[in-house]
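Source file: entry_36.cif; contents: mmCIF, C-alpha atoms.
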```cif
data_target
loop_
_atom_site.label_atom_id
_atom_site.label_comp_id
_atom_site.auth_asym_id
_atom_site.auth_seq_id
_atom_site.Cartn_x
_atom_site.Cartn_y
_atom_site.Cartn_z
CA MET A 1 65.66 32.97 63.18
CA GLU A 2 66.72 36.55 62.96
CA GLY A 3 70.42 37.28 63.39
CA ALA A 4 71.72 40.39 65.11
CA ASN A 5 72.92 41.84 61.81
CA ALA A 6 69.95 40.74 59.72
CA VAL A 7 68.37 43.44 57.58
CA ARG A 8 64.57 43.16 57.46
CA GLU A 9 62.12 45.05 55.34
CA ARG A 10 59.52 47.03 57.26
CA ASP A 11 55.98 47.98 56.38
CA LEU A 12 54.69 51.57 56.55
CA THR A 13 54.03 51.28 60.29
CA GLY A 14 57.56 50.09 60.97
CA ARG A 15 56.65 46.45 61.67
CA SER A 16 59.14 43.88 60.46
CA LEU A 17 58.00 41.98 57.38
CA GLY A 18 60.64 39.31 57.83
CA PRO A 19 62.97 38.10 55.12
CA ILE A 20 62.06 38.88 51.50
CA VAL A 21 61.96 35.44 49.89
CA SER A 22 60.19 33.63 47.07
CA SER A 23 59.41 30.51 49.13
CA GLN A 24 58.63 31.00 52.82
CA HIS A 25 58.80 27.24 53.47
CA LEU A 26 62.50 27.32 52.47
CA ALA A 27 63.21 30.33 54.69
CA ALA A 28 61.71 28.64 57.74
CA GLY A 29 64.89 26.63 58.41
CA THR A 30 68.14 27.67 60.00
CA SER A 31 69.23 29.95 57.16
CA PRO A 32 66.59 32.47 56.10
CA GLY A 33 69.46 34.62 54.81
CA LEU A 34 70.27 31.95 52.22
CA SER A 35 66.63 32.05 51.07
CA GLU A 36 66.87 35.83 50.75
CA MET A 37 70.05 35.45 48.71
CA GLU A 38 68.39 32.82 46.48
CA TYR A 39 65.50 35.17 45.78
CA GLY A 40 67.98 37.94 45.00
CA VAL A 41 69.78 35.62 42.57
CA ILE A 42 66.47 34.80 40.86
CA LEU A 43 65.69 38.49 40.42
CA ILE A 44 69.20 39.49 39.31
CA SER A 45 69.48 36.60 36.83
CA HIS A 46 66.25 37.59 35.08
CA ALA A 47 67.11 41.30 35.17
CA PHE A 48 70.63 40.61 33.85
CA SER A 49 69.26 38.48 31.00
CA ARG A 50 66.80 41.22 30.03
CA TRP A 51 69.57 43.81 30.26
CA MET A 52 71.96 41.86 28.03
CA VAL A 53 69.36 41.39 25.30
CA ARG A 54 68.20 45.02 25.40
CA CYS A 55 71.74 46.38 25.51
CA MET A 56 72.77 44.16 22.59
CA THR A 57 69.69 45.30 20.68
CA ALA A 58 70.64 48.94 21.34
CA ALA A 59 74.15 48.10 20.14
CA GLY A 60 72.69 46.91 16.83
CA GLN A 61 72.14 43.16 17.14
CA SER A 62 68.60 42.20 18.09
CA SER A 63 68.59 38.48 17.39
CA LEU A 64 70.88 37.17 20.15
CA SER A 65 69.78 35.28 23.26
CA PRO A 66 71.43 35.83 26.66
CA ILE A 67 73.62 32.70 26.28
CA GLU A 68 74.74 33.81 22.81
CA ILE A 69 75.66 37.24 24.18
CA LEU A 70 77.62 35.67 27.04
CA ILE A 71 79.45 33.41 24.61
CA LEU A 72 80.26 36.32 22.28
CA HIS A 73 81.77 38.32 25.15
CA SER A 74 83.68 35.24 26.35
CA ILE A 75 85.14 34.70 22.89
CA ARG A 76 86.21 38.36 22.79
CA HIS A 77 87.85 38.07 26.24
CA ARG A 78 91.62 38.61 26.00
CA SER A 79 91.45 38.68 22.18
CA ARG A 80 92.74 35.16 21.64
CA PRO A 81 91.17 32.08 20.07
CA LYS A 82 89.16 29.77 22.33
CA THR A 83 88.05 26.18 22.04
CA LEU A 84 84.52 25.00 22.76
CA ALA A 85 85.85 23.50 25.99
CA ASP A 86 87.34 26.89 26.98
CA VAL A 87 84.01 28.64 26.47
CA CYS A 88 82.01 25.96 28.29
CA LEU A 89 84.44 25.93 31.22
CA ALA A 90 84.54 29.73 31.58
CA LEU A 91 80.74 30.05 31.50
CA ASP A 92 79.98 26.79 33.33
CA ILE A 93 77.94 25.44 30.43
CA GLY A 94 77.32 21.74 30.94
CA ASP A 95 75.54 21.10 27.64
CA THR A 96 78.05 21.59 24.84
CA HIS A 97 75.21 21.39 22.28
CA VAL A 98 73.89 24.72 23.61
CA ALA A 99 77.31 26.34 23.17
CA ASN A 100 77.82 24.73 19.74
CA TYR A 101 74.47 26.05 18.52
CA ALA A 102 75.30 29.53 19.80
CA ILE A 103 78.71 29.44 18.12
CA ARG A 104 77.15 28.44 14.79
CA LYS A 105 74.64 31.28 15.10
CA LEU A 106 77.37 33.80 15.98
CA GLU A 107 79.47 32.63 13.03
CA LYS A 108 76.51 32.86 10.65
CA ALA A 109 75.93 36.44 11.88
CA GLY A 110 79.57 37.24 11.04
CA LEU A 111 80.45 38.01 14.66
CA ILE A 112 83.06 35.28 15.08
CA HIS A 113 85.35 33.15 12.94
CA THR A 114 86.04 29.47 13.44
CA GLY A 115 89.28 27.67 12.77
CA ARG A 116 91.31 24.70 13.91
CA ALA A 117 94.14 24.09 16.34
CA GLY A 118 95.09 20.52 15.62
CA LYS A 119 91.90 18.49 15.93
CA GLU A 120 90.08 21.09 17.97
CA LYS A 121 87.73 23.71 16.58
CA THR A 122 88.63 27.23 17.70
CA VAL A 123 86.62 30.43 17.72
CA ARG A 124 87.79 34.03 17.63
CA ILE A 125 86.07 37.36 17.43
CA SER A 126 85.60 38.97 14.01
CA ASP A 127 85.97 42.67 13.31
CA ALA A 128 82.16 42.98 13.28
CA GLY A 129 81.98 41.12 16.59
CA LEU A 130 84.65 43.35 18.07
CA GLU A 131 82.76 46.48 16.99
CA LEU A 132 79.52 45.10 18.41
CA CYS A 133 81.13 44.24 21.76
CA ASP A 134 82.71 47.70 21.91
CA ARG A 135 79.34 49.36 21.19
CA TYR A 136 77.73 47.18 23.90
CA ALA A 137 80.42 48.34 26.34
CA GLU A 138 79.76 51.99 25.45
CA ILE A 139 76.03 51.60 26.05
CA ARG A 140 76.71 49.69 29.28
CA ASN A 141 78.95 52.49 30.51
CA GLU A 142 76.43 55.15 29.61
CA LEU A 143 73.21 53.53 30.82
CA LEU A 144 74.23 51.16 33.59
CA LEU A 145 77.51 52.27 35.12
CA ARG A 146 76.79 55.99 35.14
CA GLY A 147 73.60 55.36 37.12
CA MET A 148 75.35 53.10 39.59
CA SER A 149 78.40 55.26 40.22
CA ASP A 150 76.75 57.67 42.65
CA ALA A 151 74.25 55.51 44.50
CA GLY A 152 75.53 51.98 43.98
CA PRO A 153 78.00 49.83 45.84
CA SER A 154 81.72 50.60 45.61
CA GLN A 155 84.02 48.61 43.34
CA GLU A 156 85.42 46.89 46.43
CA GLU A 157 81.93 45.89 47.60
CA LEU A 158 81.01 44.61 44.14
CA SER A 159 84.21 42.55 44.10
CA ARG A 160 83.37 41.11 47.54
CA ILE A 161 79.84 40.22 46.40
CA ALA A 162 81.28 38.53 43.29
CA SER A 163 83.62 36.50 45.49
CA VAL A 164 80.71 35.38 47.68
CA LEU A 165 78.69 34.42 44.60
CA ARG A 166 81.58 32.33 43.24
CA PHE A 167 81.89 30.61 46.64
CA LEU A 168 78.16 29.89 46.67
CA SER A 169 78.38 28.57 43.12
CA GLY A 170 80.84 25.94 44.31
CA SER A 171 78.62 25.09 47.28
CA TYR A 172 75.58 24.62 45.03
CA ASP A 173 77.64 22.53 42.57
CA GLN A 174 78.82 20.25 45.37
CA ALA A 175 75.31 19.95 46.80
CA SER A 176 73.91 19.12 43.35
CA ARG A 177 76.47 16.33 42.95
CA ALA A 178 75.47 14.98 46.36
CA ALA A 179 71.77 15.24 45.48
CA ALA A 180 72.41 13.21 42.32
CA THR A 181 73.52 10.29 44.50
CA VAL A 182 70.45 10.33 46.76
#
```
Please re-express this file's structure in structure tokens.
Amino acid sequence: MEGANAVRERDLTGRSLGPIVSSQHLAAGTSPGLSEMEYGVILISHAFSRWMVRCMTAAGQSSLSPIEILILHSIRHRSRPKTLADVCLALDIGDTHVANYAIRKLEKAGLIHTGRAGKEKTVRISDAGLELCDRYAEIRNELLLRGMSDAGPSQEELSRIASVLRFLSGSYDQASRAAATV
């Protein structure tokens, strides 16, 4: 089904190629646009992971995985201590062992400090971690944002896309809970 506002890729002769999807059998239903979005999410997630690792390497830290980089930035967010639960909630990490392992690795690298708030372990950014995050931001501004500023979507459009992605995240979470009961 092709909606009135659907954007379709065209071949060199101008013929419609249909939706650009990874799995045609999933696009054959009532929402080919959702299949297009899913393929876009697949591509952006892999590209974003590669970007984070390469940017962090350029910033001076080559041994971090995408999840460790995300956790480091989350710990730096708002410059206040976080608990493991805070980090897992903010990044939607269901397996606390993954986050715990990343936190131990970040601490061993001297990028964060751990402490206690009552019975809970807390994490906060170290001076070295702060410098690394700042260098990452500089490289991001220079290599990514500068290239997007002229040709890319506006800040308002990016914000709208982010809102849609958060909405879809909730829809997929609800559907996954329902699928677990089937």
Any idea what's packed within 10 Å of Leu132 in chain A, counting all atoms listed in the file, ignoring anything in its chain fewer than 2 positions away? Could you give it as a PDB file with C-alpha atoms, in the coordinates of the input?
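Just written: part25.pdb:
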```
ATOM      1  CA  MET A  56      72.770  44.160  22.590  1.00  0.00           C
ATOM      2  CA  ALA A  59      74.150  48.100  20.140  1.00  0.00           C
ATOM      3  CA  GLY A  60      72.690  46.910  16.830  1.00  0.00           C
ATOM      4  CA  GLN A  61      72.140  43.160  17.140  1.00  0.00           C
ATOM      5  CA  LEU A  72      80.260  36.320  22.280  1.00  0.00           C
ATOM      6  CA  HIS A  73      81.770  38.320  25.150  1.00  0.00           C
ATOM      7  CA  LEU A 111      80.450  38.010  14.660  1.00  0.00           C
ATOM      8  CA  SER A 126      85.600  38.970  14.010  1.00  0.00           C
ATOM      9  CA  ASP A 127      85.970  42.670  13.310  1.00  0.00           C
ATOM     10  CA  ALA A 128      82.160  42.980  13.280  1.00  0.00           C
ATOM     11  CA  GLY A 129      81.980  41.120  16.590  1.00  0.00           C
ATOM     12  CA  LEU A 130      84.650  43.350  18.070  1.00  0.00           C
ATOM     13  CA  ASP A 134      82.710  47.700  21.910  1.00  0.00           C
ATOM     14  CA  ARG A 135      79.340  49.360  21.190  1.00  0.00           C
ATOM     15  CA  TYR A 136      77.730  47.180  23.900  1.00  0.00           C
ATOM     16  CA  ALA A 137      80.420  48.340  26.340  1.00  0.00           C
ATOM     17  CA  GLU A 138      79.760  51.990  25.450  1.00  0.00           C
TER      18      GLU A 138
END
```
Q. Do you have the CA of Ile67 in chain A-CA of Ala117 in chain A distance handy?
A. 24.4 Å
Q | Close residues, Glu38 in chain A itself excluded, 10 Å, only C-alpha atoms, min 5 positions apart in chain, as a PyMOL selection string | A | chain A and resi 21-23+32-33+43-44
(Q) Would you compute the distance between CA of Asn141 in chain A and CA of Ser63 in chain A? Give it in Å to one decimal. (A)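 CA of Asn141 in chain A sits 21.8 Å away from CA of Ser63 in chain A.
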(Q) One decimal, in Å: what's the spacing between CA of Asp150 in chain A and CA of Ala162 in chain A? (A) 19.7 Å
Would you pick out the contacts of Leu64 in chain A at 10 Å or less, using only C-alpha atoms, so that residues sharing its chain but fewer than 3 positions from it are not included, and give the list as a PDB file with C-alpha atoms, in the frame of the given file?
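Saved the output as out_32.pdb:
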```pdb
ATOM      1  CA  MET A  52      71.960  41.860  28.030  1.00  0.00           C
ATOM      2  CA  VAL A  53      69.360  41.390  25.300  1.00  0.00           C
ATOM      3  CA  ARG A  54      68.200  45.020  25.400  1.00  0.00           C
ATOM      4  CA  MET A  56      72.770  44.160  22.590  1.00  0.00           C
ATOM      5  CA  THR A  57      69.690  45.300  20.680  1.00  0.00           C
ATOM      6  CA  GLN A  61      72.140  43.160  17.140  1.00  0.00           C
ATOM      7  CA  ILE A  67      73.620  32.700  26.280  1.00  0.00           C
ATOM      8  CA  GLU A  68      74.740  33.810  22.810  1.00  0.00           C
ATOM      9  CA  ILE A  69      75.660  37.240  24.180  1.00  0.00           C
ATOM     10  CA  LEU A  70      77.620  35.670  27.040  1.00  0.00           C
ATOM     11  CA  LEU A  72      80.260  36.320  22.280  1.00  0.00           C
ATOM     12  CA  ALA A 102      75.300  29.530  19.800  1.00  0.00           C
ATOM     13  CA  LYS A 105      74.640  31.280  15.100  1.00  0.00           C
ATOM     14  CA  LEU A 106      77.370  33.800  15.980  1.00  0.00           C
ATOM     15  CA  ALA A 109      75.930  36.440  11.880  1.00  0.00           C
TER      16      ALA A 109
END
```
Q: Choose the residue, out of A:Ile75, A:Leu145, A:Ala85, A:Leu91, that has the smallest atom-to-atom separation from Val123 in chain A; count all atoms listed in the file.
A: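 Nearest candidate to Val123 in chain A out of A:Ile75, A:Leu145, A:Ala85, A:Leu91: A:Ile75.
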Q: Run the PyMOL selection byres ((chain A and resi 99) around 10) against the file shown and list the residues it catches, as a list in words.
A: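 Selection result, ordered by chain and number: Ile67, Glu68, Ile71, Leu84, Ala85, Val87, Cys88, Leu91, Ile93, Gly94, Asp95, Thr96, His97, Val98, Asn100, Tyr101, Ala102, Ile103, Arg104 and Lys105 of chain A.
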Q: Please evaluate the PyMOL selection byres ((chain A and resi 168-181) around 12) against the structure above and give the resulting residues as JSON, numbers by chain.
A: {"A": [34, 37, 38, 41, 91, 92, 94, 161, 162, 163, 164, 165, 166, 167, 182]}
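With only C-alpha atoms as the basis for measurement, A:Pro66 is the residue among A:Gly29, A:Pro66, A:Glu157, A:Lys108 that approaches Trp51 in chain A most closely.
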Might I get the box with edges along x, y and z of the file that holds all atoms of range 37-54 of chain A listed there, padded by 5 Å on every side, given as centre and edge lengths in Å to one decimal, as lines of an AutoDock Vina configuration file?
```
center_x = 68.7
center_y = 38.9
center_z = 37.0
size_x = 16.5
size_y = 22.2
size_z = 33.4
```
Q: Select, from A:His113, A:Arg140, A:His25, A:Arg160, the residue with the minimum atom-to-atom distance to Thr83 in chain A, counting only C-alpha atoms.
A: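 The answer is A:His113, which sits nearest to Thr83 in chain A.
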For range 142-153 of chain A, supply all heavy atoms and report the output as an mmCIF file, in the coordinates of the input.
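Ended up saving to result_23.cif:
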```cif
data_model
loop_
_atom_site.group_PDB
_atom_site.id
_atom_site.type_symbol
_atom_site.label_atom_id
_atom_site.label_comp_id
_atom_site.auth_asym_id
_atom_site.auth_seq_id
_atom_site.Cartn_x
_atom_site.Cartn_y
_atom_site.Cartn_z
ATOM 1 N N GLU A 142 77.325 54.001 29.590
ATOM 2 C CA GLU A 142 76.430 55.150 29.610
ATOM 3 C C GLU A 142 75.161 54.896 30.420
ATOM 4 O O GLU A 142 74.768 55.723 31.233
ATOM 5 C CB GLU A 142 76.057 55.542 28.172
ATOM 6 C CG GLU A 142 75.194 56.766 28.065
ATOM 7 C CD GLU A 142 75.887 58.043 28.502
ATOM 8 O OE1 GLU A 142 77.124 58.127 28.420
ATOM 9 O OE2 GLU A 142 75.181 58.964 28.946
ATOM 10 N N LEU A 143 74.518 53.764 30.208
ATOM 11 C CA LEU A 143 73.210 53.530 30.820
ATOM 12 C C LEU A 143 73.263 52.825 32.168
ATOM 13 O O LEU A 143 72.412 53.087 33.020
ATOM 14 C CB LEU A 143 72.329 52.719 29.862
ATOM 15 C CG LEU A 143 72.037 53.364 28.513
ATOM 16 C CD1 LEU A 143 71.167 52.452 27.674
ATOM 17 C CD2 LEU A 143 71.396 54.733 28.693
ATOM 18 N N LEU A 144 74.188 51.950 32.352
ATOM 19 C CA LEU A 144 74.230 51.160 33.590
ATOM 20 C C LEU A 144 75.232 51.712 34.590
ATOM 21 O O LEU A 144 74.886 52.011 35.727
ATOM 22 C CB LEU A 144 74.556 49.699 33.262
ATOM 23 C CG LEU A 144 74.525 48.714 34.424
ATOM 24 C CD1 LEU A 144 73.119 48.608 35.002
ATOM 25 C CD2 LEU A 144 75.015 47.353 33.966
ATOM 26 N N LEU A 145 76.468 51.869 34.171
ATOM 27 C CA LEU A 145 77.510 52.270 35.120
ATOM 28 C C LEU A 145 77.358 53.696 35.608
ATOM 29 O O LEU A 145 77.600 53.978 36.779
ATOM 30 C CB LEU A 145 78.887 52.051 34.507
ATOM 31 C CG LEU A 145 79.197 50.600 34.128
ATOM 32 C CD1 LEU A 145 80.586 50.495 33.555
ATOM 33 C CD2 LEU A 145 79.012 49.673 35.302
ATOM 34 N N ARG A 146 76.956 54.590 34.728
ATOM 35 C CA ARG A 146 76.790 55.990 35.140
ATOM 36 C C ARG A 146 75.740 56.080 36.246
ATOM 37 O O ARG A 146 75.917 56.790 37.220
ATOM 38 C CB ARG A 146 76.399 56.862 33.971
ATOM 39 C CG ARG A 146 76.261 58.339 34.404
ATOM 40 C CD ARG A 146 75.633 59.177 33.353
ATOM 41 N NE ARG A 146 76.617 59.640 32.392
ATOM 42 C CZ ARG A 146 76.292 60.406 31.375
ATOM 43 N NH1 ARG A 146 75.042 60.749 31.165
ATOM 44 N NH2 ARG A 146 77.222 60.811 30.538
ATOM 45 N N GLY A 147 74.658 55.342 36.115
ATOM 46 C CA GLY A 147 73.600 55.360 37.120
ATOM 47 C C GLY A 147 73.993 54.711 38.431
ATOM 48 O O GLY A 147 73.466 55.035 39.485
ATOM 49 N N MET A 148 74.923 53.795 38.377
ATOM 50 C CA MET A 148 75.350 53.100 39.590
ATOM 51 C C MET A 148 76.472 53.831 40.314
ATOM 52 O O MET A 148 76.674 53.611 41.507
ATOM 53 C CB MET A 148 75.849 51.688 39.239
ATOM 54 C CG MET A 148 74.763 50.730 38.836
ATOM 55 S SD MET A 148 75.410 49.106 38.365
ATOM 56 C CE MET A 148 76.202 48.571 39.863
ATOM 57 N N SER A 149 77.196 54.680 39.631
ATOM 58 C CA SER A 149 78.400 55.260 40.220
ATOM 59 C C SER A 149 78.130 56.094 41.460
ATOM 60 O O SER A 149 78.920 56.070 42.396
ATOM 61 C CB SER A 149 79.163 56.080 39.179
ATOM 62 O OG SER A 149 78.382 57.174 38.752
ATOM 63 N N ASP A 150 77.034 56.816 41.499
ATOM 64 C CA ASP A 150 76.750 57.670 42.650
ATOM 65 C C ASP A 150 76.070 56.925 43.786
ATOM 66 O O ASP A 150 76.427 57.093 44.945
ATOM 67 C CB ASP A 150 75.883 58.856 42.224
ATOM 68 C CG ASP A 150 76.611 59.785 41.270
ATOM 69 O OD1 ASP A 150 77.858 59.810 41.311
ATOM 70 O OD2 ASP A 150 75.938 60.456 40.478
ATOM 71 N N ALA A 151 75.075 56.122 43.463
ATOM 72 C CA ALA A 151 74.250 55.510 44.500
ATOM 73 C C ALA A 151 74.584 54.047 44.760
ATOM 74 O O ALA A 151 74.152 53.499 45.759
ATOM 75 C CB ALA A 151 72.783 55.632 44.106
ATOM 76 N N GLY A 152 75.308 53.418 43.875
ATOM 77 C CA GLY A 152 75.530 51.980 43.980
ATOM 78 C C GLY A 152 76.680 51.608 44.890
ATOM 79 O O GLY A 152 77.364 52.461 45.447
ATOM 80 N N PRO A 153 76.897 50.307 45.024
ATOM 81 C CA PRO A 153 78.000 49.830 45.840
ATOM 82 C C PRO A 153 79.359 50.204 45.231
ATOM 83 O O PRO A 153 79.472 50.402 44.023
ATOM 84 C CB PRO A 153 77.820 48.311 45.868
ATOM 85 C CG PRO A 153 76.837 47.995 44.801
ATOM 86 C CD PRO A 153 76.119 49.238 44.430
#
```
